[in-house]
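Engineer: Can you read through this structure? Questions will come right after.
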Amino acid sequence: MNEPAPPVCDYEGSDYRLRFWQGQGRDYEDRVERIALRRLMPPTGTMLIEIGAGFGRLADEYRGYERVVLFDYSRSLLREAQAHLRNDPRFLYVAGNWYQMPFVPGLFETIVQVRTLHHAADVPALFRQLARIARPGGQYILEFANKQNLKAILRYWLRRQAWSPFTLEPVEFVPLNFDFHPRWIRQQLRLARFTPERALTVSHFRFAPLKRVVPTPWLTAVDSAAQLTGNWWQLTPSVFVRSAHPLPGATAVAPAFFACPSCQTPLSTGPINGRFFCPNPACKKQWAVQDGLYDFKEAIVD
Ligand SMILES: C[S@@+](CC[C@H](N)C(=O)[O-])C[C@H]1O[C@@H](n2cnc3c(N)ncnc32)[C@H](O)[C@@H]1O
């Protein structure tokens, strides 16, 4: 019997950008995340994918790449990204579920994932998918929410929080929102054959009263320096880790690009009449392409 699919946190139609970022006092978080990303991500390359790219907040960090896939479960957030990037031809907008990635093996030299792992109910399954589409020799830059952060430790010691920040298992603090232990994340990366290399601790000063009184550039500068301690200890709410892709592994050969998310059979190089047709006779699913959005979220014909 097939395993039930892991649940997905659905942002379809959400006002995430307005509710969470725009004018919401998170300039500090945005800036320090970009600093960490620049430190870990190769600045140039051929093929990058951002997993859970949302409305494309970080898209301008990928200027040095020839091809950039913004991948997300939410079509509406991808449409926002598309509107804001004004159809820059280097960007491709792909809707789908990270447990069923619609790409051929060994395609992406750089994989980036920021502020999304906390929605993953099945991290091992997600990492297996990423290992499959990772090109050998490339890198995976992952940001995750750290359960062993200073605030959680203090709350635990003061008995204001039941769960221990020191145990390895993920904690689901509200439905479909998880915090992870850094050691557990490294274990899961290794199990998927990634090799974790460098870690940075980020958002040391994610504390509203402090952010109100200390100018953002100052907090950012101190955070930027403190990030460098990330290989020794991780007590911040956010941790970035760079891993080398699995070796050995398949390398995709152009023009192979999309694969059926359902059975993983490679698809034709381009859509025919706005559709991709899975050539596997046992599958035969069809997938839509509409106004520049490659939609692998649901098949149009089963
Ligand atoms: C908190 S937002 C972060 C967006 C972006 N990374 C950023 O930092 O601005 C989380 C994103 O993960 C996406 N997401 C959640 N579950 C997903 C899944 N199973 N497959 C693909 N994307 C998913 C959501 O649609 C949402 O856009």
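The way I read the labels, and the way they are meant: chains A, B, ... in the order of the structure tokens, residue 1 as the first residue of every chain, and ligand 1 as the first ligand shown, with later ones counted on from there.
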Determine, counting only C-alpha atoms, which protein, DNA and RNA residues have an atom within 8 Å of an atom of Pro279 of chain A; residues of the same chain fewer than 4 positions away are not included. Present the result as a PyMOL selection string.
Structural biologist: chain A and resi 265+267+283-284
Engineer: Do you know which residues are at most 12 Å from Phe103 of chain A counting only C-alpha atoms, after dropping those on the same chain fewer than 2 positions away, and could you put them as a ChimeraX atom specification?
Structural biologist: /A:49,69,71,94-101,105-108,129-135,251-252,255-269,294,296
Engineer: Which residues form the shell of 9 Å around ligand 1 when you count only C-alpha atoms and all ligand atoms, given as a CSV table (one decimal) with C-alpha atoms, in the first residue's frame?
Structural biologist:
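For reference, selection_28.csv as written:
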```csv
chain,number,residue,atom,x,y,z
A,6,PRO,CA,2.7,14.3,3.9
A,7,PRO,CA,0.5,17.3,4.7
A,8,VAL,CA,1.4,20.6,3.0
A,9,CYS,CA,1.1,24.1,4.5
A,10,ASP,CA,-0.9,25.8,1.8
A,11,TYR,CA,-0.2,29.5,1.1
A,12,GLU,CA,-2.5,29.7,-1.9
A,14,SER,CA,-2.1,34.3,1.1
A,16,TYR,CA,2.3,36.6,3.1
A,17,ARG,CA,4.3,39.5,1.7
A,20,PHE,CA,4.9,39.3,7.2
A,21,TRP,CA,7.4,41.5,5.3
A,30,ASP,CA,15.8,40.3,5.7
A,33,GLU,CA,19.5,36.5,5.9
A,50,GLU,CA,14.9,28.1,-4.7
A,51,ILE,CA,12.7,25.7,-2.9
A,52,GLY,CA,9.6,27.4,-1.5
A,53,ALA,CA,10.5,30.7,-3.1
A,54,GLY,CA,7.2,32.4,-2.2
A,55,PHE,CA,6.8,35.8,-3.8
A,56,GLY,CA,10.5,35.9,-4.8
A,57,ARG,CA,11.8,38.0,-1.9
A,58,LEU,CA,15.4,36.7,-2.4
A,71,PHE,CA,9.6,26.7,-7.0
A,72,ASP,CA,6.6,26.9,-4.7
A,73,TYR,CA,3.4,25.2,-3.8
A,74,SER,CA,1.5,28.5,-4.1
A,75,ARG,CA,0.6,29.6,-7.6
A,77,LEU,CA,2.8,33.7,-4.6
A,78,LEU,CA,4.6,32.7,-7.8
A,95,ALA,CA,4.3,25.3,-9.0
A,96,GLY,CA,4.6,21.9,-7.3
A,97,ASN,CA,5.0,20.0,-4.1
A,98,TRP,CA,8.6,19.5,-2.8
A,99,TYR,CA,7.7,15.8,-2.0
A,100,GLN,CA,7.2,15.3,-5.8
A,101,MET,CA,9.8,17.4,-7.6
A,112,VAL,CA,18.6,27.3,-1.9
A,113,GLN,CA,15.9,26.9,0.8
A,114,VAL,CA,15.2,29.7,3.3
A,115,ARG,CA,12.3,30.0,5.8
A,116,THR,CA,10.4,27.0,4.5
A,117,LEU,CA,11.8,23.9,6.2
A,118,HIS,CA,9.6,24.7,9.2
A,119,HIS,CA,6.6,23.6,7.1
A,120,ALA,CA,8.1,20.2,6.3
A,121,ALA,CA,6.3,17.4,8.1
A,126,LEU,CA,12.1,16.2,1.1
A,297,LYS,CA,0.7,21.0,-8.5
```
Engineer: Please give the complete set of residues from segment 3-230 of chain A that DSSP, run on the backbone, assigns to strand (DSSP E or B), formatted as a VMD selection string.
Structural biologist: chain A and resid 45 to 51 65 to 72 91 to 95 103 108 to 113 134 to 146 171 to 174 177 to 180 195 to 202
Engineer: Could you check the closest approach to Val123 of chain A for each of A:Ala192, A:Ala225, A:Val68, A:Leu92 and tell me which residue wins, using only C-alpha atoms?
Structural biologist: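 Between A:Ala192, A:Ala225, A:Val68, A:Leu92, the residue approaching Val123 of chain A most closely is A:Ala192.
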Engineer: Please compute the atom CA of Asp295 of chain A-atom CA of Tyr93 of chain A distance, one decimal, in Å.
Structural biologist: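 Those two atoms sit 8.5 Å apart.
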Engineer: Quick one: residues within 7 Å of Trp287 of chain A, only C-alpha atoms, excluding same-chain residues fewer than 4 positions away - as a count of residues only?
Structural biologist: 7
Engineer: Please report the interatomic distance between atom CA of Met41 of chain A and atom CA of Tyr62 of chain A in Å with one decimal.
Structural biologist: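 Straight-line distance from atom CA of Met41 of chain A to atom CA of Tyr62 of chain A works out to 9.3 Å.
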Engineer: For Arg63 of chain A, work out the shell of residues within 10 Å, counting only C-alpha atoms and skipping chain neighbours fewer than 6 positions away, then give it as a list in words.
Structural biologist: Pro43, Thr44, Gly45 and Arg90 of chain A
Engineer: Keeping only C-alpha atoms, write the selected residues to a file as a short mmCIF file (atom, residue, chain, number, x, y, z; two decimals), in the first residue's frame.
Structural biologist:
```
data_model
loop_
_atom_site.label_atom_id
_atom_site.label_comp_id
_atom_site.auth_asym_id
_atom_site.auth_seq_id
_atom_site.Cartn_x
_atom_site.Cartn_y
_atom_site.Cartn_z
CA PRO A 43 27.79 33.91 -6.54
CA THR A 44 27.60 32.68 -10.13
CA GLY A 45 26.53 29.53 -11.89
CA ARG A 90 16.33 33.89 -16.67
#
```
Engineer: Identify which of the residues A:Phe180, A:Trp157, A:Trp163, A:Phe144 lies closest to Leu200 of chain A, counting only C-alpha atoms when measuring atom-to-atom distances.
Structural biologist: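 Ranking A:Phe180, A:Trp157, A:Trp163, A:Phe144 by distance to Leu200 of chain A, first place goes to A:Phe144.
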Engineer: For each of A:Val174, A:Asp27, A:Pro124, A:Trp233, take the minimum atom-to-atom distance to Leu219 of chain A, counting only C-alpha atoms, then give the residue where this is smallest.
Structural biologist: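 Nearest candidate to Leu219 of chain A out of A:Val174, A:Asp27, A:Pro124, A:Trp233: A:Asp27.
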Engineer: Using DSSP on the backbone, list every residue of segment 81-129 of chain A that comes out as helix (DSSP H, G or I), and give them as a PyMOL selection string.
Structural biologist: chain A and resi 81-85+117-119+123-129
Engineer: Could you name the residues that touch Lys211 of chain A at 9 Å or less, counting only C-alpha atoms, but leaving out those on the same chain fewer than 6 positions away, as a PyMOL selection string?
Structural biologist: chain A and resi 25+28+205+219
Engineer: Measuring atom to atom with only C-alpha atoms, identify which of A:Ala208, A:Ala226, A:Val104, A:Leu37 is nearest to Ala250 of chain A.
Structural biologist: A:Val104
Engineer: Would you mind reading off the distance between atom CA of Phe178 of chain A and atom CA of Leu235 of chain A, one decimal, in Å?
Structural biologist: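 Taking atom CA of Phe178 of chain A as the start and atom CA of Leu235 of chain A as the end point, the length is 16.3 Å.
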Engineer: Pick from A:Trp218, A:Phe166, A:Phe194, A:Tyr65: nearest to Asn146 of chain A, with only C-alpha atoms counted?
Structural biologist: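 Using only C-alpha atoms, Asn146 of chain A sits closest to A:Phe166.
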Engineer: Produce a table with one row for each residue of segment 35-117 of chain A that has an atom at most 9 Å from any atom of segment 242-245 of chain A, each row naming the nearest atom pair and its distance in Å at one decimal; use only C-alpha atoms; arrange rows by chain and rising residue number; format as a tab-separated table.
Structural biologist:
```
residue	atom	partner	partner_atom	distance
A:Leu40	CA	A:Arg242	CA	6.3
A:Met41	CA	A:Arg242	CA	7.9
A:Glu109	CA	A:His245	CA	8.4
A:Thr110	CA	A:His245	CA	8.9
```
